[in-house]
Structure formats: structure tokens, C-alpha cells
file model.cif (mmCIF, C-alpha atoms)
data_structure
#
loop_
_atom_site.label_atom_id
_atom_site.label_comp_id
_atom_site.auth_asym_id
_atom_site.auth_seq_id
_atom_site.Cartn_x
_atom_site.Cartn_y
_atom_site.Cartn_z
CA MET A 22 39.75 -243.38 79.59
CA THR A 23 40.53 -242.93 83.29
CA ARG A 24 38.25 -244.01 86.12
CA HIS A 25 37.02 -240.46 86.77
CA ALA A 26 33.27 -239.84 86.61
CA VAL A 27 33.78 -236.88 84.27
CA PRO A 28 35.13 -238.67 81.16
CA LEU A 29 38.79 -237.76 80.79
CA THR A 30 41.59 -239.30 78.78
CA LEU A 31 44.74 -240.11 80.70
CA GLU A 32 46.38 -237.06 79.11
CA GLU A 33 43.51 -234.80 80.21
CA ALA A 34 43.55 -236.18 83.76
CA ARG A 35 47.32 -235.73 83.94
CA LEU A 36 46.99 -232.12 82.81
CA LEU A 37 44.32 -231.44 85.42
CA SER A 38 46.55 -232.99 88.08
CA GLU A 39 49.48 -230.82 86.97
CA ARG A 40 47.36 -227.68 87.15
CA LEU A 41 45.82 -228.41 90.56
CA TYR A 42 48.64 -229.64 92.77
CA PRO A 43 50.57 -226.30 92.93
CA LEU A 44 47.63 -224.97 94.94
CA GLY A 45 49.13 -226.86 97.87
CA ASP A 46 52.08 -224.46 97.99
CA ASP A 47 49.65 -221.63 98.68
CA CYS A 48 48.07 -223.33 101.69
CA PRO A 49 49.97 -221.34 104.37
CA ARG A 50 48.70 -218.10 102.82
CA ILE A 51 45.17 -219.50 102.87
CA TRP A 52 45.55 -220.31 106.58
CA ASP A 53 46.69 -216.72 107.18
CA GLU A 54 43.74 -215.34 105.22
CA LEU A 55 41.33 -217.37 107.32
CA ASP A 56 43.01 -216.11 110.49
CA ASP A 57 42.93 -212.51 109.29
CA SER A 58 39.22 -212.82 108.49
CA GLY A 59 38.46 -213.82 112.08
CA LEU A 60 37.01 -217.13 110.89
CA GLY A 61 40.01 -219.40 111.24
CA GLU A 62 40.72 -219.32 114.97
CA PRO A 63 39.49 -222.89 115.73
CA ALA A 64 41.84 -224.29 113.06
CA ARG A 65 44.67 -222.13 114.40
CA VAL A 66 44.07 -223.65 117.84
CA VAL A 67 44.62 -227.10 116.31
CA ARG A 68 47.82 -225.99 114.57
CA GLU A 69 49.11 -224.42 117.79
CA ALA A 70 48.41 -227.69 119.63
CA HIS A 71 50.65 -229.45 117.10
CA ARG A 72 53.31 -226.80 117.70
CA GLU A 73 53.14 -227.48 121.45
CA LEU A 74 53.30 -231.22 120.91
CA ALA A 75 56.23 -230.93 118.49
CA GLY A 76 58.32 -229.29 121.20
CA THR A 77 60.90 -227.69 118.88
CA ASN A 78 60.73 -225.28 115.93
CA GLU A 79 62.47 -227.83 113.72
CA ARG A 80 59.90 -230.53 114.43
CA TYR A 81 57.01 -228.15 113.91
CA GLU A 82 58.50 -226.90 110.63
CA GLN A 83 58.36 -230.52 109.42
CA VAL A 84 54.69 -230.69 110.44
CA GLU A 85 53.93 -227.61 108.37
CA ARG A 86 55.90 -228.99 105.41
CA TYR A 87 53.97 -232.23 105.75
CA TRP A 88 50.62 -230.40 105.59
CA VAL A 89 51.69 -228.61 102.41
CA GLU A 90 53.11 -231.73 100.79
CA PHE A 91 50.06 -233.79 101.74
CA ALA A 92 47.82 -231.16 100.10
CA LYS A 93 49.88 -231.31 96.91
CA GLU A 94 49.76 -235.10 96.72
CA ARG A 95 46.06 -235.14 97.52
CA LEU A 96 45.24 -232.58 94.82
CA ALA A 97 47.46 -234.38 92.32
CA GLY A 98 45.51 -237.58 92.98
CA LEU A 99 42.27 -235.96 91.78
CA VAL A 100 39.31 -238.02 93.00
CA GLY A 101 41.24 -239.90 95.69
CA PRO A 102 40.99 -241.17 98.32
CA MET A 103 44.66 -241.15 99.26
CA ASP A 104 46.32 -243.96 101.17
CA ILE A 105 48.65 -242.15 103.56
CA LEU A 106 51.01 -245.12 103.82
CA ARG A 107 51.25 -245.71 100.07
CA GLY A 108 50.44 -242.36 98.51
CA GLN A 109 48.64 -241.77 95.26
CA LEU A 110 49.50 -244.44 92.74
CA THR A 111 47.18 -243.53 89.86
CA GLU A 112 48.70 -243.04 86.42
CA ALA A 113 47.34 -239.51 86.23
CA SER A 114 48.92 -238.28 89.45
CA ALA A 115 51.47 -235.59 88.54
CA TYR A 116 53.17 -235.17 91.91
CA ARG A 117 54.78 -237.40 94.49
CA SER A 118 56.28 -235.82 97.62
CA PRO A 119 59.89 -236.69 98.53
CA LEU A 120 59.19 -235.69 102.15
CA LEU A 121 56.16 -237.97 102.41
CA ASP A 122 58.05 -240.81 100.75
CA ASN A 123 60.87 -240.45 103.30
CA LEU A 124 58.35 -240.51 106.14
CA ARG A 125 56.65 -243.56 104.62
CA ALA A 126 59.99 -245.35 104.50
CA GLU A 127 60.56 -244.56 108.18
CA ALA A 128 57.11 -245.87 109.07
CA LYS A 129 57.56 -249.07 107.05
CA ALA A 130 60.89 -249.65 108.74
CA GLY A 131 59.10 -249.74 112.08
CA ARG A 132 60.66 -246.55 113.42
CA LEU A 133 57.31 -244.91 114.15
CA LYS A 134 55.46 -246.45 117.07
CA SER A 135 52.11 -245.71 118.70
CA GLU A 136 52.61 -244.52 122.28
CA GLY A 137 49.21 -245.65 123.58
CA PRO A 138 46.28 -247.95 122.82
CA ILE A 139 45.03 -245.85 119.88
CA TYR A 140 46.57 -246.63 116.49
CA SER A 141 46.34 -244.50 113.35
CA PRO A 142 48.16 -244.98 110.04
CA GLN A 143 50.02 -241.66 110.26
CA ILE A 144 53.57 -241.16 108.98
CA GLU A 145 54.54 -237.80 110.55
CA PRO A 146 55.57 -238.30 114.21
CA THR A 147 53.95 -235.21 115.76
CA ILE A 148 50.73 -235.63 113.80
CA LYS A 149 50.62 -239.30 114.80
CA ARG A 150 50.98 -238.36 118.47
CA TYR A 151 48.22 -235.77 118.16
CA VAL A 152 45.77 -238.08 116.39
CA GLU A 153 46.41 -240.84 118.91
CA LEU A 154 45.81 -238.73 122.04
CA MET A 155 43.29 -240.38 124.34
CA PRO A 156 39.94 -238.58 124.77
CA ASP A 157 40.79 -237.87 128.42
CA ASP A 158 44.32 -236.63 127.70
CA PRO A 159 44.80 -233.14 129.22
CA MET A 160 45.94 -231.72 125.89
CA ARG A 161 42.92 -233.16 124.05
CA ILE A 162 40.59 -231.67 126.67
CA SER A 163 42.40 -228.32 126.55
CA VAL A 164 42.21 -228.14 122.76
CA LYS A 165 38.46 -228.79 122.80
CA GLU A 166 37.95 -226.07 125.40
CA ARG A 167 40.06 -223.59 123.44
CA ILE A 168 38.16 -224.37 120.23
CA ARG A 169 34.81 -223.76 121.94
CA GLY A 170 36.13 -220.54 123.43
CA ALA A 171 37.40 -219.37 120.04
CA GLN A 172 34.02 -220.08 118.44
CA LYS A 173 32.11 -218.11 121.06
CA LYS A 174 34.55 -215.21 120.86
CA ALA A 175 34.36 -215.12 117.04
CA ALA A 176 30.55 -215.19 117.04
CA THR A 177 30.50 -212.31 119.52
CA SER A 178 33.09 -210.29 117.56
CA ALA A 179 31.08 -210.76 114.37
CA ARG A 180 27.93 -209.64 116.22
CA LEU A 181 26.03 -212.64 114.96
CA PRO A 182 22.56 -212.77 116.54
CA GLU A 183 20.91 -215.82 118.00
CA LEU A 184 17.57 -216.89 116.58
CA PRO A 185 14.86 -217.55 119.19
CA GLY A 186 13.54 -221.08 118.91
CA PHE A 187 16.40 -222.28 116.68
CA ALA A 188 17.18 -225.30 118.87
CA LYS A 189 13.59 -226.56 118.60
CA MET A 190 13.25 -226.14 114.84
CA ASP A 191 12.92 -229.26 112.71
CA LYS A 192 15.77 -230.37 110.49
CA SER A 193 14.23 -229.02 107.27
CA ARG A 194 13.88 -225.50 108.67
CA LYS A 195 17.43 -225.52 110.06
CA TYR A 196 18.78 -226.71 106.72
CA ALA A 197 16.88 -223.98 104.88
CA LEU A 198 18.55 -221.44 107.16
CA LEU A 199 21.93 -223.04 106.46
CA ILE A 200 21.43 -222.68 102.71
CA GLU A 201 20.30 -219.11 103.16
CA ARG A 202 23.46 -218.30 105.09
CA TYR A 203 25.70 -220.00 102.53
CA LEU A 204 24.09 -217.99 99.74
CA ALA A 205 24.69 -214.73 101.59
CA GLY A 206 28.42 -215.36 101.31
CA LEU A 207 28.65 -217.34 98.08
CA LYS A 208 26.32 -215.49 95.72
CA PRO A 209 28.39 -212.26 95.74
CA ALA A 210 31.45 -214.44 95.01
CA GLY A 211 29.91 -215.79 91.79
CA PHE A 212 28.36 -219.03 93.04
CA ALA A 213 24.87 -220.25 92.13
CA LEU A 214 22.76 -222.83 93.92
CA ASP A 215 22.01 -225.93 91.85
CA SER A 216 18.44 -227.15 91.62
CA GLN A 217 17.78 -228.32 95.14
CA PRO A 218 18.72 -231.98 95.59
CA LYS A 219 17.26 -233.89 98.51
CA GLN A 220 19.27 -233.86 101.72
CA GLY A 221 22.08 -231.61 100.58
CA ALA A 222 23.06 -228.50 98.65
CA VAL A 223 25.39 -227.84 95.71
CA PHE A 224 26.89 -224.41 95.01
CA ARG A 225 28.62 -223.96 91.65
CA ARG A 226 31.03 -221.43 90.17
CA ILE A 227 32.35 -221.66 86.62
CA VAL A 228 36.16 -221.52 86.46
CA GLY A 229 39.01 -222.09 84.03
CA GLY A 230 37.57 -220.03 81.22
CA GLY A 231 34.33 -221.99 81.20
CA ARG A 232 35.95 -225.43 80.91
CA TRP A 233 35.31 -226.42 84.54
CA ALA A 234 33.07 -225.81 87.52
CA PHE A 235 34.21 -225.53 91.13
CA VAL A 236 31.51 -226.94 93.39
CA LEU A 237 30.94 -226.71 97.11
CA VAL A 238 28.75 -229.59 98.25
CA ASP A 239 27.19 -229.46 101.69
CA GLU A 240 26.39 -232.89 103.14
CA SER A 241 25.32 -231.69 106.60
CA TRP A 242 21.73 -232.93 106.47
CA ASP A 243 22.37 -235.83 108.86
CA GLY A 244 24.59 -233.79 111.19
CA ILE A 245 22.85 -230.46 111.42
CA ASP A 246 21.05 -231.38 114.64
CA GLY A 247 24.32 -232.52 116.15
CA GLY A 248 26.35 -229.42 115.41
CA GLN A 249 28.58 -230.50 112.53
CA LEU A 250 28.89 -229.09 109.02
CA VAL A 251 30.12 -231.51 106.34
CA PRO A 252 31.44 -229.56 103.33
CA ARG A 253 33.08 -231.21 100.30
CA MET A 254 34.63 -229.59 97.24
CA ALA A 255 35.20 -230.74 93.70
CA ILE A 256 36.07 -229.88 90.13
CA THR A 257 33.57 -231.08 87.56
CA ALA A 258 32.18 -230.26 84.12
CA PRO A 259 30.15 -227.01 84.01
CA ALA A 260 26.79 -228.74 83.50
CA ARG A 261 27.52 -232.04 85.23
CA ALA A 262 24.87 -232.99 87.80
CA VAL A 263 26.25 -233.41 91.31
CA VAL A 264 24.48 -235.40 94.03
CA PRO A 265 25.36 -234.85 97.71
CA GLY A 266 26.67 -238.07 99.18
CA TYR A 267 27.87 -239.32 95.80
CA LEU A 268 30.39 -236.65 94.87
CA PRO A 269 33.17 -238.89 93.47
CA SER A 270 30.74 -240.34 90.94
CA SER A 271 30.21 -236.94 89.33
CA ALA A 272 33.58 -235.19 89.56
CA ALA A 273 36.98 -235.04 87.92
CA ALA A 274 38.64 -234.11 91.23
CA THR A 275 37.44 -234.05 94.82
CA PHE A 276 38.88 -232.89 98.13
CA SER A 277 37.76 -231.75 101.55
CA PRO A 278 38.59 -228.44 103.25
CA GLY A 279 40.63 -230.38 105.81
CA ASP A 280 42.94 -231.62 103.05
CA LEU A 281 44.13 -228.03 102.56
CA VAL A 282 43.48 -226.42 105.95
CA PRO A 283 44.61 -228.57 108.88
CA GLY A 284 42.12 -228.30 111.70
CA PHE A 285 39.27 -227.13 109.48
CA GLY A 286 37.05 -229.77 111.05
CA ALA A 287 37.18 -227.71 114.24
CA ILE A 288 35.76 -224.74 112.30
CA CYS A 289 32.86 -226.92 111.22
CA TRP A 290 31.83 -227.73 114.80
CA TYR A 291 29.20 -225.52 116.41
CA GLU A 292 26.92 -225.57 119.39
CA ALA A 293 23.86 -227.38 118.09
CA SER A 294 21.54 -224.92 119.82
CA SER A 295 23.31 -221.82 118.49
CA TYR A 296 22.19 -220.19 115.24
CA ALA A 297 25.04 -217.67 115.57
CA GLN A 298 27.66 -220.42 115.60
CA LEU A 299 25.99 -222.17 112.66
CA CYS A 300 26.28 -218.89 110.74
CA LEU A 301 29.92 -218.58 111.75
CA ALA A 302 30.71 -222.07 110.43
CA CYS A 303 28.85 -221.39 107.17
CA ASP A 304 30.71 -218.09 106.75
CA ALA A 305 34.07 -219.84 107.18
CA VAL A 306 33.19 -222.50 104.59
CA SER A 307 31.97 -219.83 102.17
CA PHE A 308 35.11 -217.75 102.70
CA LEU A 309 37.35 -220.74 102.00
CA ALA A 310 35.31 -221.75 98.94
CA GLU A 311 35.70 -218.28 97.45
CA LYS A 312 39.45 -218.21 98.08
CA LEU A 313 39.95 -221.67 96.58
CA ALA A 314 37.69 -221.08 93.59
CA SER A 315 39.54 -217.87 92.72
CA ARG A 316 42.92 -219.57 92.88
CA ILE A 317 41.75 -222.63 90.96
CA ASP A 318 40.21 -220.39 88.32
CA LYS A 319 43.67 -218.97 87.61
CA LEU A 320 45.39 -222.37 87.73
CA LEU A 321 42.96 -223.88 85.22
CA ALA A 322 42.73 -220.87 82.89
#

call {"tool": "encode", "arguments": {"input": "model.cif", "output": "C-alpha cells"}}
result
Amino acid sequence: MTRHAVPLTLEEARLLSERLYPLGDDCPRIWDELDDSGLGEPARVVREAHRELAGTNERYEQVERYWVEFAKERLAGLVGPMDILRGQLTEASAYRSPLLDNLRAEAKAGRLKSEGPIYSPQIEPTIKRYVELMPDDPMRISVKERIRGAQKKAATSARLPELPGFAKMDKSRKYALLIERYLAGLKPAGFALDSQPKQGAVFRRIVGGGRWAFVLVDESWDGIDGGQLVPRMAITAPARAVVPGYLPSSAAATFSPGDLVPGFGAICWYEASSYAQLCLACDAVSFLAEKLASRIDKLLA
């Protein structure tokens, strides 16, 4: 047996890895779909900041290839987490990226240096520079301003209303509204809400001909007052219980939206006092969940 919470033989885990990792090749189309929906602008701002920092088309093309290859390795590794410097080393992992291995070799050889006081274990030069920008760096400040502007513009374009008194509501009421908004987007896409666990929500869609379930797990209970959604995603058995905060213990594969959509964390930010922006973030998560579940359904069929 492997170490996965859903009991799998090594052969079964390897097969799941082989079926999942090709999803990474479709990531650029998923980014485009988010952009076309009007929900992906904050993530596009982050990608454009990387383009600016890269300086040349060739360097930015490597950044985009890295994002795709990282997604493939991450999906192949199933439950993760993935060590960026070492990669996935589990027996079940069906894919190892030549690009990422070349970048790892460069990093190990000492050819990739931090330019300031912040250090991060990144292996792609432009991404490393971006992650290590100081909080007061003009680019970092500009990106934050552009993200906030994109969120406000998207909420206005979608004609999302504000809810009087939202900012003063207690956490339980806000979270109930969050679940309500998720359901508005997920239920028509074939998702059902699991029996309500404490401090979280689990939305489930059966995929792969009934063999698997794709689950969206919201773990935003602790961050809802601060303006931050925390969505996780996983593949598990159709009837397997899932507990928010303990996802790896109940899944055969796990990943976060940011593993597949660079900059998705920016989509999950919202003004804590704005119901309209909370709705916008929920809608983006729901949209992505539907797109991923549909693709994974075909890959696992």
C-alpha cells in the first residue's frame, strides 16, 4: 500500500498519477478561460508583473513553461507537498520535468542568487526575483494596487450588489453567505454540499465514471473576517469523508488552485467589508472548480 489516505496499491497510485498530470498541459487554456469569464484579472495582473520583470519574451516564455511543468509535477505527486528544490520523489509519481530538473541543477550549482535580504527556495530566476521583492518595492506596491483596481472593476462589471451591514456581521453569518454563494455556482455544475462540517465546507462532484470524487474544500473560516478565501481541491473516493483542515488525510490526491493558476491567490483576496468582492472571489473559485472537475472527469474516465 502507498501512504495515501484513500487506500491505493502502488499500481493504482501510479495509474492515478499518470491520468492526472497531463492536466498541467491544459493550464494556459484554463488561464484564458478565467480571463474570458471576467474573473481572472487579478491573476493576469500577477502574470503580467512576471512578464515585466522577465524583461524579454524568451525569459517570460521560460516562466510560462515553468508554471506548466510545475503543475504537471505537482499533479503527478498526488498528495504532495512538493519540494521545489528536490521535486517529487515518491514511487507513484509518473512525471518528472526535464526543465525543472535543469533549473534545480543550476540552483544547486550556486548560479541562482537572491538579490536582496529575502530568500525563497525558488529555481526559476524571474519567479525568484518576484517572490523576493521587498514589501516596499515599487513593483510590489504597483501590483497590489492593480489587483485591487481589477477586483473593483470586475465587481462593478458583474453588477454585484453590496449587502448593507455585511462588515458588521459575525463570522457565522458571513460564512453562511459564502456557502450560499458557492452553491449558486457549483450546484448547477453538478456539485453537492457535504453534511456541514464545523469551520469549513466541502463540495463534491462524482467523476471518472463513479470511481472518484472531485472535492472543493473551503478552509476560509479563520480568514473570512480578514478578506481571504482559502480553497483546496482533491481527488478522493466517492463516499470518503473529508474534513476541512485535514484534507491530505482523506484524499488520494490534493492540490491548490495556485498550483495550476499562477496568481490565483490574488483572486482570493477581497475587501473584508465588501460582500460584492466576496461574491466575486467565490464565483472565481466555483468557475475554476467546474472547469477542473470537467477535465479531470474525462482524464479519469

call {"tool": "closest_residue", "arguments": {"input": "model.cif", "among": "A:Leu120, A:Val66, A:Leu154, A:Ala293", "to": "Phe91 (chain A)", "atoms": "all atoms listed in the file"}}
result
A:Leu120

call {"tool": "closest_residue", "arguments": {"input": "model.cif", "among": "A:Lys195, A:Ala70, A:Gly170, A:Tyr151", "to": "Gly247 (chain A)", "atoms": "all atoms listed in the file"}}
result
A:Lys195

call {"tool": "closest_residue", "arguments": {"input": "model.cif", "among": "A:Pro265, A:Arg65, A:Pro283, A:Phe235", "to": "Ala310 (chain A)", "atoms": "only C-alpha atoms"}}
result
A:Phe235

call {"tool": "resolve_selection", "arguments": {"input": "model.cif", "expression": "the PyMOL selection byres ((chain A and resi 187-190) around 9)", "output": "PyMOL selection string"}}
result
chain A and resi 183-186+191-195+246+293-296

call {"tool": "resolve_selection", "arguments": {"input": "model.cif", "expression": "the PyMOL selection byres ((chain A and resi 232) around 12)", "output": "PDB file with C-alpha atoms, keeping the file's coordinate frame"}}
result
ATOM      1  CA  LEU A  37      44.320-231.440  85.420  1.00  0.00           C
ATOM      2  CA  ARG A 226      31.030-221.430  90.170  1.00  0.00           C
ATOM      3  CA  ILE A 227      32.350-221.660  86.620  1.00  0.00           C
ATOM      4  CA  VAL A 228      36.160-221.520  86.460  1.00  0.00           C
ATOM      5  CA  GLY A 229      39.010-222.090  84.030  1.00  0.00           C
ATOM      6  CA  GLY A 230      37.570-220.030  81.220  1.00  0.00           C
ATOM      7  CA  GLY A 231      34.330-221.990  81.200  1.00  0.00           C
ATOM      8  CA  TRP A 233      35.310-226.420  84.540  1.00  0.00           C
ATOM      9  CA  ALA A 234      33.070-225.810  87.520  1.00  0.00           C
ATOM     10  CA  PHE A 235      34.210-225.530  91.130  1.00  0.00           C
ATOM     11  CA  ILE A 256      36.070-229.880  90.130  1.00  0.00           C
ATOM     12  CA  THR A 257      33.570-231.080  87.560  1.00  0.00           C
ATOM     13  CA  ALA A 258      32.180-230.260  84.120  1.00  0.00           C
ATOM     14  CA  PRO A 259      30.150-227.010  84.010  1.00  0.00           C
ATOM     15  CA  ALA A 260      26.790-228.740  83.500  1.00  0.00           C
ATOM     16  CA  ARG A 261      27.520-232.040  85.230  1.00  0.00           C
ATOM     17  CA  ALA A 273      36.980-235.040  87.920  1.00  0.00           C
ATOM     18  CA  ILE A 317      41.750-222.630  90.960  1.00  0.00           C
ATOM     19  CA  ASP A 318      40.210-220.390  88.320  1.00  0.00           C
ATOM     20  CA  LEU A 321      42.960-223.880  85.220  1.00  0.00           C
ATOM     21  CA  ALA A 322      42.730-220.870  82.890  1.00  0.00           C
TER      22      ALA A 322
END

call {"tool": "atom_distance", "arguments": {"input": "model.cif", "atom1": "CA of Glu153 (chain A)", "atom2": "CA of Ile139 (chain A)"}}
result
5.3 Å

call {"tool": "resolve_selection", "arguments": {"input": "model.cif", "expression": "the PyMOL selection byres ((chain A and resi 94) around 7)", "output": "list in words"}}
result
Tyr42, Glu90, Phe91, Ala92, Lys93, Arg95, Leu96, Ala97, Gly98, Gln109, Tyr116, Arg117 and Ser118 of chain A

call {"tool": "atom_distance", "arguments": {"input": "model.cif", "atom1": "CA of Ile144 (chain A)", "atom2": "CA of Arg107 (chain A)"}}
result
10.3 Å

call {"tool": "atom_distance", "arguments": {"input": "model.cif", "atom1": "CA of Arg253 (chain A)", "atom2": "CA of Leu74 (chain A)"}}
result
28.9 Å

call {"tool": "closest_residue", "arguments": {"input": "model.cif", "among": "A:Gly76, A:Gly59, A:Pro142, A:Gly248", "to": "Asp104 (chain A)", "atoms": "all atoms listed in the file"}}
result
A:Pro142

call {"tool": "closest_residue", "arguments": {"input": "model.cif", "among": "A:Phe212, A:Trp242, A:Tyr140, A:Tyr87", "to": "Leu281 (chain A)", "atoms": "all atoms listed in the file"}}
result
A:Tyr87

call {"tool": "residues_around", "arguments": {"input": "model.cif", "residues": "Pro146 (chain A)", "least_positions_apart": "5", "cutoff": "9 Å", "atoms": "only C-alpha atoms", "output": "ChimeraX atom specification"}}
result
/A:75,80,84,124,133-134,151

call {"tool": "decode", "arguments": {"input": "model.cif", "residues": "region 31-42 of chain A", "atoms": "all heavy atoms", "output": "PDB file, in the first residue's frame"}}
result
ATOM      1  N   LEU A  31       0.416   0.544  -5.005  1.00  0.00           N
ATOM      2  CA  LEU A  31       1.365   1.345  -5.762  1.00  0.00           C
ATOM      3  C   LEU A  31       0.942   1.434  -7.225  1.00  0.00           C
ATOM      4  O   LEU A  31       1.034   2.508  -7.849  1.00  0.00           O
ATOM      5  CB  LEU A  31       2.768   0.748  -5.647  1.00  0.00           C
ATOM      6  CG  LEU A  31       3.875   1.458  -6.433  1.00  0.00           C
ATOM      7  CD1 LEU A  31       3.994   2.913  -6.014  1.00  0.00           C
ATOM      8  CD2 LEU A  31       5.200   0.728  -6.259  1.00  0.00           C
ATOM      9  N   GLU A  32       0.440   0.346  -7.777  1.00  0.00           N
ATOM     10  CA  GLU A  32      -0.012   0.336  -9.168  1.00  0.00           C
ATOM     11  C   GLU A  32      -1.191   1.285  -9.369  1.00  0.00           C
ATOM     12  O   GLU A  32      -1.250   2.027 -10.358  1.00  0.00           O
ATOM     13  CB  GLU A  32      -0.407  -1.080  -9.577  1.00  0.00           C
ATOM     14  CG  GLU A  32      -0.847  -1.198 -11.031  1.00  0.00           C
ATOM     15  CD  GLU A  32      -1.221  -2.617 -11.419  1.00  0.00           C
ATOM     16  OE1 GLU A  32      -1.136  -3.508 -10.548  1.00  0.00           O
ATOM     17  OE2 GLU A  32      -1.610  -2.823 -12.582  1.00  0.00           O
ATOM     18  N   GLU A  33      -2.133   1.296  -8.421  1.00  0.00           N
ATOM     19  CA  GLU A  33      -3.291   2.185  -8.524  1.00  0.00           C
ATOM     20  C   GLU A  33      -2.875   3.651  -8.402  1.00  0.00           C
ATOM     21  O   GLU A  33      -3.383   4.517  -9.120  1.00  0.00           O
ATOM     22  CB  GLU A  33      -4.314   1.837  -7.448  1.00  0.00           C
ATOM     23  CG  GLU A  33      -5.027   0.523  -7.681  1.00  0.00           C
ATOM     24  CD  GLU A  33      -5.849   0.087  -6.483  1.00  0.00           C
ATOM     25  OE1 GLU A  33      -5.496   0.479  -5.338  1.00  0.00           O
ATOM     26  OE2 GLU A  33      -6.832  -0.657  -6.680  1.00  0.00           O
ATOM     27  N   ALA A  34      -1.963   3.929  -7.479  1.00  0.00           N
ATOM     28  CA  ALA A  34      -1.483   5.305  -7.303  1.00  0.00           C
ATOM     29  C   ALA A  34      -0.731   5.772  -8.543  1.00  0.00           C
ATOM     30  O   ALA A  34      -0.872   6.915  -8.980  1.00  0.00           O
ATOM     31  CB  ALA A  34      -0.587   5.390  -6.072  1.00  0.00           C
ATOM     32  N   ARG A  35       0.065   4.885  -9.116  1.00  0.00           N
ATOM     33  CA  ARG A  35       0.806   5.222 -10.333  1.00  0.00           C
ATOM     34  C   ARG A  35      -0.152   5.534 -11.480  1.00  0.00           C
ATOM     35  O   ARG A  35       0.046   6.488 -12.238  1.00  0.00           O
ATOM     36  CB  ARG A  35       1.719   4.067 -10.710  1.00  0.00           C
ATOM     37  CG  ARG A  35       2.544   4.289 -11.972  1.00  0.00           C
ATOM     38  CD  ARG A  35       3.744   5.141 -11.703  1.00  0.00           C
ATOM     39  NE  ARG A  35       4.559   5.307 -12.904  1.00  0.00           N
ATOM     40  CZ  ARG A  35       5.768   5.853 -12.913  1.00  0.00           C
ATOM     41  NH1 ARG A  35       6.301   6.275 -11.780  1.00  0.00           N
ATOM     42  NH2 ARG A  35       6.450   5.994 -14.028  1.00  0.00           N
ATOM     43  N   LEU A  36      -1.206   4.750 -11.595  1.00  0.00           N
ATOM     44  CA  LEU A  36      -2.189   4.980 -12.652  1.00  0.00           C
ATOM     45  C   LEU A  36      -2.892   6.318 -12.457  1.00  0.00           C
ATOM     46  O   LEU A  36      -3.097   7.070 -13.414  1.00  0.00           O
ATOM     47  CB  LEU A  36      -3.219   3.850 -12.676  1.00  0.00           C
ATOM     48  CG  LEU A  36      -4.339   3.983 -13.723  1.00  0.00           C
ATOM     49  CD1 LEU A  36      -3.750   4.042 -15.133  1.00  0.00           C
ATOM     50  CD2 LEU A  36      -5.318   2.825 -13.600  1.00  0.00           C
ATOM     51  N   LEU A  37      -3.252   6.632 -11.216  1.00  0.00           N
ATOM     52  CA  LEU A  37      -3.889   7.918 -10.941  1.00  0.00           C
ATOM     53  C   LEU A  37      -2.939   9.058 -11.299  1.00  0.00           C
ATOM     54  O   LEU A  37      -3.354  10.057 -11.904  1.00  0.00           O
ATOM     55  CB  LEU A  37      -4.289   8.001  -9.470  1.00  0.00           C
ATOM     56  CG  LEU A  37      -4.974   9.298  -9.017  1.00  0.00           C
ATOM     57  CD1 LEU A  37      -6.267   9.531  -9.791  1.00  0.00           C
ATOM     58  CD2 LEU A  37      -5.251   9.268  -7.515  1.00  0.00           C
ATOM     59  N   SER A  38      -1.676   8.924 -10.942  1.00  0.00           N
ATOM     60  CA  SER A  38      -0.679   9.930 -11.279  1.00  0.00           C
ATOM     61  C   SER A  38      -0.572  10.111 -12.793  1.00  0.00           C
ATOM     62  O   SER A  38      -0.539  11.240 -13.307  1.00  0.00           O
ATOM     63  CB  SER A  38       0.675   9.521 -10.697  1.00  0.00           C
ATOM     64  OG  SER A  38       1.693  10.422 -11.073  1.00  0.00           O
ATOM     65  N   GLU A  39      -0.551   9.003 -13.527  1.00  0.00           N
ATOM     66  CA  GLU A  39      -0.454   9.065 -14.986  1.00  0.00           C
ATOM     67  C   GLU A  39      -1.654   9.754 -15.616  1.00  0.00           C
ATOM     68  O   GLU A  39      -1.526  10.461 -16.624  1.00  0.00           O
ATOM     69  CB  GLU A  39      -0.318   7.649 -15.555  1.00  0.00           C
ATOM     70  CG  GLU A  39       1.026   6.996 -15.283  1.00  0.00           C
ATOM     71  CD  GLU A  39       1.066   5.550 -15.752  1.00  0.00           C
ATOM     72  OE1 GLU A  39      -0.015   5.019 -16.135  1.00  0.00           O
ATOM     73  OE2 GLU A  39       2.153   4.949 -15.722  1.00  0.00           O
ATOM     74  N   ARG A  40      -2.825   9.552 -15.014  1.00  0.00           N
ATOM     75  CA  ARG A  40      -4.045  10.151 -15.558  1.00  0.00           C
ATOM     76  C   ARG A  40      -4.132  11.652 -15.249  1.00  0.00           C
ATOM     77  O   ARG A  40      -4.681  12.418 -16.036  1.00  0.00           O
ATOM     78  CB  ARG A  40      -5.271   9.432 -14.981  1.00  0.00           C
ATOM     79  CG  ARG A  40      -5.412   7.973 -15.384  1.00  0.00           C
ATOM     80  CD  ARG A  40      -5.891   7.823 -16.813  1.00  0.00           C
ATOM     81  NE  ARG A  40      -6.090   6.448 -17.187  1.00  0.00           N
ATOM     82  CZ  ARG A  40      -7.216   5.743 -16.968  1.00  0.00           C
ATOM     83  NH1 ARG A  40      -8.218   6.308 -16.321  1.00  0.00           N
ATOM     84  NH2 ARG A  40      -7.307   4.495 -17.371  1.00  0.00           N
ATOM     85  N   LEU A  41      -3.615  12.060 -14.094  1.00  0.00           N
ATOM     86  CA  LEU A  41      -3.796  13.441 -13.649  1.00  0.00           C
ATOM     87  C   LEU A  41      -2.793  14.424 -14.247  1.00  0.00           C
ATOM     88  O   LEU A  41      -3.162  15.552 -14.592  1.00  0.00           O
ATOM     89  CB  LEU A  41      -3.709  13.518 -12.117  1.00  0.00           C
ATOM     90  CG  LEU A  41      -4.922  13.084 -11.312  1.00  0.00           C
ATOM     91  CD1 LEU A  41      -4.619  13.211  -9.826  1.00  0.00           C
ATOM     92  CD2 LEU A  41      -6.157  13.908 -11.665  1.00  0.00           C
ATOM     93  N   TYR A  42      -1.530  14.025 -14.365  1.00  0.00           N
ATOM     94  CA  TYR A  42      -0.522  15.039 -14.666  1.00  0.00           C
ATOM     95  C   TYR A  42      -0.700  15.714 -16.037  1.00  0.00           C
ATOM     96  O   TYR A  42      -0.327  16.889 -16.199  1.00  0.00           O
ATOM     97  CB  TYR A  42       0.898  14.486 -14.486  1.00  0.00           C
ATOM     98  CG  TYR A  42       1.492  13.761 -15.655  1.00  0.00           C
ATOM     99  CD1 TYR A  42       1.983  14.463 -16.755  1.00  0.00           C
ATOM    100  CD2 TYR A  42       1.624  12.370 -15.654  1.00  0.00           C
ATOM    101  CE1 TYR A  42       2.554  13.800 -17.827  1.00  0.00           C
ATOM    102  CE2 TYR A  42       2.198  11.701 -16.716  1.00  0.00           C
ATOM    103  CZ  TYR A  42       2.662  12.425 -17.805  1.00  0.00           C
ATOM    104  OH  TYR A  42       3.232  11.772 -18.861  1.00  0.00           O
TER     105      TYR A  42
END
